[in-house]
Amino acid sequence: MFRLVSWNINGIRSPLPGAVCQESNNCPSETMGRTLEELGADIVCLQETKVTRDVLTEPLAIVEGYNSYFSYSRSRSGYSGVATFCKDSATPVAAEEGLSGLFATQNGNVGCYGNMDAFTQEELRALDSEGRALLTQHKIRTWEGKEKTLTLINVYCPRVDPEKPERLTFKMSFYHLLQIRAEALLAAGSHVIILGDLNTAYRRIDHCDAVNLECFEEDPGRKWMDGLLNNLECQAGSHMGPFIDTYRYFQPQQEGAFTCWSVVNGARHLNYGCRLDYILGDRSLVMDTFQASFLLPEIMGSDHCPVGAVLNVSSVPAKHCPPLCTRFFPEFAGTQLKILRFLVPLEHKPVLEQSALQLSNQTQVQKQQNKSCVRSTRPRLSQASSRRGQKNMTSYFRPSSNHPQTSSDLKLPTLPLVGTLMTTKTPEEEEIAKVVEVEIKASGAKEEKEALTSFWKSVLAGPLPMPLCRGHREPCVMRTVKKPGPNLGRRFYMCARPQGPPSDPSSRCNFFQWTRPS
């Protein structure tokens with residue numbers, strides 16, 4: 001069996017709490033290794049890694065038993081990015097970054113680009129510069145013993161920002177470029193699987209609030225998926241795309257099958273989300289080899305959950321990893337000198353150490369011989385002259401002999417102590433005096449503390465109590481408007497419960513109130 005898992009991890013450098021890893025003081029390599037073991041897949045595709053080449057560390061990239069491949073954003077740091085981790089038993093024969101081929105290396109690329117004349121070189125470079133696609137090509141063996149080629153396209157498709165309408169054009173261009181490359185690979189005889197975050201909820205059943213969305217089917221992303229996917233329920237003669245949504249192939253009517261939820265609204269608690277993550281396979285591959293397609297909502301750590309599939313095939317690993325593998329990075333392969341190299345003493349071989357020790361011994365003997373020769377030729381000074389020679393450092397800290405010494409017989413007059421002139425107190429009187437002094441200090445400190453407390457209470461009255469929402473009569477939470485506009489920065493009260501279906505009484509009510517009038 002061959003198991004695939006895809007997961008929008010929302011930052012590969014951030015800790016992954018929950019079911020995957022619960023210990024926060026472990027090495028990143030151990031954390032990543034446990035994450036991959038928990039997912040239990042031959043190939044794990046990650047999206048939104050938010051890591052660039054300059055900040056990628058060896059513990060995250062090099063995991064024992066796996067070979068990894070990364071695609072980075074070249075336009076922004078901490079943004080986008082995808083990565084593919086393959087077990088050594090599923091080592092790919094080729095790997096390539098991007099869909100256009102502009103970032104392909106001379107050796108080890110996948111190839112088969114199709115007709116991209118509709119795009120300019122600048123458009124292709126812009127589409128691939130955000131690190132949203134990574135291809136790995138594998139050899140698989142079917143249950144019949146036939147060896148075939150399988151190409152995985154790990155994608156993180158762009159999201160449409162309502163404040164930036166130009167991003168819709170960018171998203172649709174990325175979709176079309178993805179379809180061109182996938183169909184070109186199919187035409188070349190390779191099986192193709194597209195997996196990752198497509199950032200589009202395809203059907204109404206895939207969205208929690210599709211009823212309240214206007215023109216749901218008219219969305220450009222859904223129209224594109226209509227042309228890409230093969231709807232098995234369509235009648236003969238209608239358009240049939242080359243790919244199948246594997247989850248709906250096995251679970252066509254499953255409701256609440258969501259993979260993404262709003263973290264701010266706590267929507268995951270009531271499963272109020274949408275399905276944005278897919279595993280799409282070509283028609284013949286899905287019907288002949290797919291055994292299951294599933295979701296893993298119990299695995300936490302991101303605003304998405306992993307999705308996966310099981311194929312009835314075995315992997316035929318390549319003998320060597322493609323050049324894009326992180327094992328060949330100079331900073332990880334030990335071929336790049338680092339600053340730390342110049343600050344750590346180098347290890348010498350025993351032969352060199354022995355020769356250096358002999359050389360140092362010869363040098364010391366030669367120096368001693370030279371010193372003895374100099375001493376024999378140097379004239380000796382008399383004892384008197386030596387005494388008048390250079391002074392020792394301790395001589396400056398000794399008392400000078402020129403100053404007259406005070407006679408030990410001379411005694412200064414002493415005055416009687418003040419205590420002897422005063423009348424002595426009895427022990428009982430001393431104890432009473434101490435108790436009175438302590439009481440005076442305590443009363444003074446108490447009065448001072450009460451005065452300070454009353455002063456600060458008059459100045460700082462403290463926060464006002466939270467109002468109660470009308471739906472549940474529970475204390476609200478305070479939020480701040482972050483959307484650009486006239487209300488940017490204003491604070492308001494809303495129901496503290498998580499977001500959910502309007503028909504669910506346990507979900508958030510529609511209570512809203514500004515903290516201050518405008």
# chains A, B, ... in the order shown; residues from 1 in each chain; ligands from 1
call {"tool": "residues_around", "arguments": {"residues": "Ile279 of chain A", "least_positions_apart": "6", "cutoff": "7 Å", "atoms": "only C-alpha atoms", "output": "number ranges by chain"}}
result
A: 193-196, 245-246
call {"tool": "atom_distance", "arguments": {"atom1": "atom CA of Pro242 of chain A", "atom2": "atom CA of Phe2 of chain A"}}
result
21.9 Å
call {"tool": "atom_distance", "arguments": {"atom1": "atom CA of Ser507 of chain A", "atom2": "atom CA of Leu198 of chain A"}}
result
28.1 Å
call {"tool": "closest_atom_pairs", "arguments": {"of": "segment 95-186 of chain A", "to": "segment 214-222 of chain A", "cutoff": "10 Å", "atoms": "only C-alpha atoms", "output": "CSV"}}
result
residue,atom,partner,partner_atom,distance
A:Val160,CA,A:Gly221,CA,9.9
A:Leu168,CA,A:Pro220,CA,8.7
A:Thr169,CA,A:Pro220,CA,9.8
A:Lys171,CA,A:Gly221,CA,8.3
A:Met172,CA,A:Gly221,CA,7.1
A:Tyr175,CA,A:Gly221,CA,8.2
call {"tool": "closest_residue", "arguments": {"among": "A:Pro59, A:Ile9, A:Thr84, A:Ser129", "to": "Cys325 of chain A", "atoms": "only C-alpha atoms"}}
result
A:Thr84
call {"tool": "closest_atom_pairs", "arguments": {"of": "segment 7-123 of chain A", "to": "segment 182-185 of chain A", "cutoff": "9 Å", "atoms": "only C-alpha atoms", "output": "Markdown table"}}
result
| residue | atom | partner | partner_atom | distance |
| --- | --- | --- | --- | --- |
| A:Gly111 | CA | A:Leu185 | CA | 8.1 |
| A:Cys112 | CA | A:Leu185 | CA | 5.6 |
| A:Tyr113 | CA | A:Ala184 | CA | 6.1 |
| A:Gly114 | CA | A:Ala184 | CA | 5.0 |
| A:Asn115 | CA | A:Ala184 | CA | 8.3 |
call {"tool": "residues_around", "arguments": {"residues": "Ser314 of chain A", "least_positions_apart": "3", "cutoff": "9 Å", "atoms": "only C-alpha atoms", "output": "PyMOL selection string"}}
result
chain A and resi 1-2+90+139-143+311
call {"tool": "write_last_selection", "arguments": {"atoms": "all heavy atoms", "output": "PDB file, in the first residue's frame"}}
result
ATOM      1  N   MET A   1       0.836  -1.195   0.000  1.00  0.00           N
ATOM      2  CA  MET A   1       0.000   0.000   0.000  1.00  0.00           C
ATOM      3  C   MET A   1       0.874   1.249   0.000  1.00  0.00           C
ATOM      4  O   MET A   1       1.970   1.244   0.564  1.00  0.00           O
ATOM      5  CB  MET A   1      -0.927   0.013   1.210  1.00  0.00           C
ATOM      6  CG  MET A   1      -1.997  -1.075   1.171  1.00  0.00           C
ATOM      7  SD  MET A   1      -3.129  -0.848  -0.193  1.00  0.00           S
ATOM      8  CE  MET A   1      -4.147  -2.300  -0.034  1.00  0.00           C
ATOM      9  N   PHE A   2       0.377   2.275  -0.636  1.00  0.00           N
ATOM     10  CA  PHE A   2       1.114   3.534  -0.784  1.00  0.00           C
ATOM     11  C   PHE A   2       0.236   4.641  -0.203  1.00  0.00           C
ATOM     12  O   PHE A   2      -0.876   4.880  -0.684  1.00  0.00           O
ATOM     13  CB  PHE A   2       1.397   3.772  -2.273  1.00  0.00           C
ATOM     14  CG  PHE A   2       2.360   4.886  -2.537  1.00  0.00           C
ATOM     15  CD1 PHE A   2       3.686   4.790  -2.179  1.00  0.00           C
ATOM     16  CD2 PHE A   2       1.932   6.048  -3.183  1.00  0.00           C
ATOM     17  CE1 PHE A   2       4.584   5.819  -2.451  1.00  0.00           C
ATOM     18  CE2 PHE A   2       2.812   7.070  -3.448  1.00  0.00           C
ATOM     19  CZ  PHE A   2       4.141   6.960  -3.083  1.00  0.00           C
ATOM     20  N   ALA A  90      10.544   5.700  -0.943  1.00  0.00           N
ATOM     21  CA  ALA A  90       9.748   6.338  -2.002  1.00  0.00           C
ATOM     22  C   ALA A  90      10.523   7.499  -2.616  1.00  0.00           C
ATOM     23  O   ALA A  90       9.944   8.516  -2.994  1.00  0.00           O
ATOM     24  CB  ALA A  90       8.412   6.817  -1.447  1.00  0.00           C
ATOM     25  N   LYS A 139       8.437   6.297  -9.458  1.00  0.00           N
ATOM     26  CA  LYS A 139       8.145   5.042 -10.140  1.00  0.00           C
ATOM     27  C   LYS A 139       7.314   4.169  -9.200  1.00  0.00           C
ATOM     28  O   LYS A 139       7.675   3.979  -8.035  1.00  0.00           O
ATOM     29  CB  LYS A 139       9.431   4.311 -10.530  1.00  0.00           C
ATOM     30  CG  LYS A 139      10.252   5.011 -11.601  1.00  0.00           C
ATOM     31  CD  LYS A 139       9.510   5.045 -12.933  1.00  0.00           C
ATOM     32  CE  LYS A 139      10.372   5.688 -14.020  1.00  0.00           C
ATOM     33  NZ  LYS A 139       9.658   5.724 -15.328  1.00  0.00           N
ATOM     34  N   ILE A 140       6.188   3.654  -9.705  1.00  0.00           N
ATOM     35  CA  ILE A 140       5.320   2.800  -8.899  1.00  0.00           C
ATOM     36  C   ILE A 140       5.099   1.478  -9.635  1.00  0.00           C
ATOM     37  O   ILE A 140       5.241   1.399 -10.865  1.00  0.00           O
ATOM     38  CB  ILE A 140       3.954   3.473  -8.612  1.00  0.00           C
ATOM     39  CG1 ILE A 140       3.239   3.837  -9.918  1.00  0.00           C
ATOM     40  CG2 ILE A 140       4.150   4.716  -7.741  1.00  0.00           C
ATOM     41  CD1 ILE A 140       1.820   4.358  -9.716  1.00  0.00           C
ATOM     42  N   ARG A 141       4.751   0.465  -8.846  1.00  0.00           N
ATOM     43  CA  ARG A 141       4.458  -0.850  -9.416  1.00  0.00           C
ATOM     44  C   ARG A 141       3.058  -1.248  -8.988  1.00  0.00           C
ATOM     45  O   ARG A 141       2.730  -1.270  -7.798  1.00  0.00           O
ATOM     46  CB  ARG A 141       5.480  -1.879  -8.936  1.00  0.00           C
ATOM     47  CG  ARG A 141       5.293  -3.258  -9.582  1.00  0.00           C
ATOM     48  CD  ARG A 141       6.375  -4.249  -9.156  1.00  0.00           C
ATOM     49  NE  ARG A 141       7.655  -3.910  -9.788  1.00  0.00           N
ATOM     50  CZ  ARG A 141       8.711  -3.438  -9.132  1.00  0.00           C
ATOM     51  NH1 ARG A 141       8.640  -3.216  -7.812  1.00  0.00           N
ATOM     52  NH2 ARG A 141       9.836  -3.180  -9.757  1.00  0.00           N
ATOM     53  N   THR A 142       2.213  -1.550  -9.952  1.00  0.00           N
ATOM     54  CA  THR A 142       0.826  -1.913  -9.679  1.00  0.00           C
ATOM     55  C   THR A 142       0.752  -3.358  -9.173  1.00  0.00           C
ATOM     56  O   THR A 142       1.742  -4.098  -9.185  1.00  0.00           O
ATOM     57  CB  THR A 142      -0.038  -1.745 -10.939  1.00  0.00           C
ATOM     58  OG1 THR A 142       0.427  -2.674 -11.938  1.00  0.00           O
ATOM     59  CG2 THR A 142       0.084  -0.329 -11.487  1.00  0.00           C
ATOM     60  N   TRP A 143      -0.433  -3.739  -8.717  1.00  0.00           N
ATOM     61  CA  TRP A 143      -0.616  -5.112  -8.218  1.00  0.00           C
ATOM     62  C   TRP A 143      -0.445  -6.129  -9.329  1.00  0.00           C
ATOM     63  O   TRP A 143      -0.198  -7.324  -9.077  1.00  0.00           O
ATOM     64  CB  TRP A 143      -1.985  -5.246  -7.566  1.00  0.00           C
ATOM     65  CG  TRP A 143      -3.138  -5.015  -8.511  1.00  0.00           C
ATOM     66  CD1 TRP A 143      -3.711  -3.837  -8.855  1.00  0.00           C
ATOM     67  CD2 TRP A 143      -3.854  -6.029  -9.234  1.00  0.00           C
ATOM     68  NE1 TRP A 143      -4.721  -4.024  -9.753  1.00  0.00           N
ATOM     69  CE2 TRP A 143      -4.845  -5.370 -10.002  1.00  0.00           C
ATOM     70  CE3 TRP A 143      -3.754  -7.416  -9.322  1.00  0.00           C
ATOM     71  CZ2 TRP A 143      -5.720  -6.061 -10.847  1.00  0.00           C
ATOM     72  CZ3 TRP A 143      -4.629  -8.112 -10.152  1.00  0.00           C
ATOM     73  CH2 TRP A 143      -5.603  -7.427 -10.905  1.00  0.00           C
ATOM     74  N   LEU A 311      -3.263   4.125  -1.859  1.00  0.00           N
ATOM     75  CA  LEU A 311      -3.249   3.530  -3.191  1.00  0.00           C
ATOM     76  C   LEU A 311      -2.764   2.092  -3.091  1.00  0.00           C
ATOM     77  O   LEU A 311      -1.864   1.772  -2.304  1.00  0.00           O
ATOM     78  CB  LEU A 311      -2.339   4.298  -4.147  1.00  0.00           C
ATOM     79  CG  LEU A 311      -2.795   5.674  -4.652  1.00  0.00           C
ATOM     80  CD1 LEU A 311      -2.721   6.740  -3.576  1.00  0.00           C
ATOM     81  CD2 LEU A 311      -1.966   6.092  -5.865  1.00  0.00           C
TER      82      LEU A 311
END
call {"tool": "closest_residue", "arguments": {"among": "A:Thr49, A:Gly11, A:Thr136, A:Val63", "to": "Thr31 of chain A", "atoms": "only C-alpha atoms"}}
result
A:Val63
call {"tool": "closest_residue", "arguments": {"among": "A:Ala309, A:Ala126, A:Met32, A:Leu295", "to": "Phe85 of chain A", "atoms": "only C-alpha atoms"}}
result
A:Met32
call {"tool": "closest_atom_pairs", "arguments": {"of": "segment 238-346 of chain A", "to": "segment 92-101 of chain A", "cutoff": "12 Å", "atoms": "only C-alpha atoms", "output": "Markdown table"}}
result
| residue | atom | partner | partner_atom | distance |
| --- | --- | --- | --- | --- |
| A:Ser315 | CA | A:Pro92 | CA | 9.3 |
| A:Val316 | CA | A:Pro92 | CA | 8.6 |
| A:Pro317 | CA | A:Pro92 | CA | 6.4 |
| A:Ala318 | CA | A:Val93 | CA | 5.3 |
| A:Lys319 | CA | A:Val93 | CA | 8.2 |
| A:His320 | CA | A:Val93 | CA | 7.7 |
| A:Cys321 | CA | A:Pro92 | CA | 6.7 |
| A:Pro322 | CA | A:Ala94 | CA | 5.4 |
| A:Pro323 | CA | A:Ala95 | CA | 7.8 |
| A:Leu324 | CA | A:Ala95 | CA | 6.3 |
| A:Cys325 | CA | A:Ala95 | CA | 7.9 |
| A:Thr326 | CA | A:Ala95 | CA | 11.3 |
call {"tool": "write_last_selection", "arguments": {"atoms": "N, CA, C and O atoms", "output": "PDB file, in the first residue's frame"}}
result
ATOM      1  N   SER A 315       5.952   1.466  -4.144  1.00  0.00           N
ATOM      2  CA  SER A 315       6.896   2.440  -4.683  1.00  0.00           C
ATOM      3  C   SER A 315       8.194   1.749  -5.092  1.00  0.00           C
ATOM      4  O   SER A 315       8.660   0.813  -4.424  1.00  0.00           O
ATOM      5  N   VAL A 316       8.760   2.225  -6.180  1.00  0.00           N
ATOM      6  CA  VAL A 316      10.068   1.765  -6.644  1.00  0.00           C
ATOM      7  C   VAL A 316      11.039   2.925  -6.444  1.00  0.00           C
ATOM      8  O   VAL A 316      11.052   3.870  -7.235  1.00  0.00           O
ATOM      9  N   PRO A 317      11.835   2.914  -5.365  1.00  0.00           N
ATOM     10  CA  PRO A 317      12.681   4.082  -5.071  1.00  0.00           C
ATOM     11  C   PRO A 317      13.828   4.234  -6.062  1.00  0.00           C
ATOM     12  O   PRO A 317      14.350   3.251  -6.599  1.00  0.00           O
ATOM     13  N   ALA A 318      14.184   5.473  -6.303  1.00  0.00           N
ATOM     14  CA  ALA A 318      15.351   5.767  -7.140  1.00  0.00           C
ATOM     15  C   ALA A 318      16.625   5.487  -6.359  1.00  0.00           C
ATOM     16  O   ALA A 318      16.653   5.529  -5.128  1.00  0.00           O
ATOM     17  N   LYS A 319      17.705   5.195  -7.070  1.00  0.00           N
ATOM     18  CA  LYS A 319      18.979   4.901  -6.418  1.00  0.00           C
ATOM     19  C   LYS A 319      19.589   6.152  -5.788  1.00  0.00           C
ATOM     20  O   LYS A 319      20.262   6.070  -4.767  1.00  0.00           O
ATOM     21  N   HIS A 320      19.371   7.311  -6.416  1.00  0.00           N
ATOM     22  CA  HIS A 320      19.938   8.557  -5.921  1.00  0.00           C
ATOM     23  C   HIS A 320      18.845   9.626  -5.891  1.00  0.00           C
ATOM     24  O   HIS A 320      17.927   9.628  -6.721  1.00  0.00           O
ATOM     25  N   CYS A 321      18.970  10.533  -4.945  1.00  0.00           N
ATOM     26  CA  CYS A 321      18.010  11.634  -4.841  1.00  0.00           C
ATOM     27  C   CYS A 321      18.256  12.652  -5.962  1.00  0.00           C
ATOM     28  O   CYS A 321      19.399  12.858  -6.387  1.00  0.00           O
ATOM     29  N   PRO A 322      17.203  13.327  -6.425  1.00  0.00           N
ATOM     30  CA  PRO A 322      17.384  14.385  -7.435  1.00  0.00           C
ATOM     31  C   PRO A 322      18.197  15.554  -6.867  1.00  0.00           C
ATOM     32  O   PRO A 322      18.295  15.739  -5.651  1.00  0.00           O
ATOM     33  N   PRO A 323      18.806  16.373  -7.729  1.00  0.00           N
ATOM     34  CA  PRO A 323      19.638  17.490  -7.253  1.00  0.00           C
ATOM     35  C   PRO A 323      18.902  18.498  -6.386  1.00  0.00           C
ATOM     36  O   PRO A 323      19.539  19.218  -5.611  1.00  0.00           O
ATOM     37  N   LEU A 324      17.579  18.589  -6.492  1.00  0.00           N
ATOM     38  CA  LEU A 324      16.826  19.549  -5.696  1.00  0.00           C
ATOM     39  C   LEU A 324      16.730  19.141  -4.227  1.00  0.00           C
ATOM     40  O   LEU A 324      16.329  19.945  -3.378  1.00  0.00           O
ATOM     41  N   CYS A 325      17.122  17.932  -3.886  1.00  0.00           N
ATOM     42  CA  CYS A 325      17.020  17.446  -2.516  1.00  0.00           C
ATOM     43  C   CYS A 325      17.859  18.315  -1.577  1.00  0.00           C
ATOM     44  O   CYS A 325      18.957  18.761  -1.912  1.00  0.00           O
ATOM     45  N   THR A 326      17.340  18.546  -0.369  1.00  0.00           N
ATOM     46  CA  THR A 326      18.032  19.403   0.599  1.00  0.00           C
ATOM     47  C   THR A 326      19.338  18.786   1.086  1.00  0.00           C
ATOM     48  O   THR A 326      20.168  19.485   1.669  1.00  0.00           O
TER      49      THR A 326
END
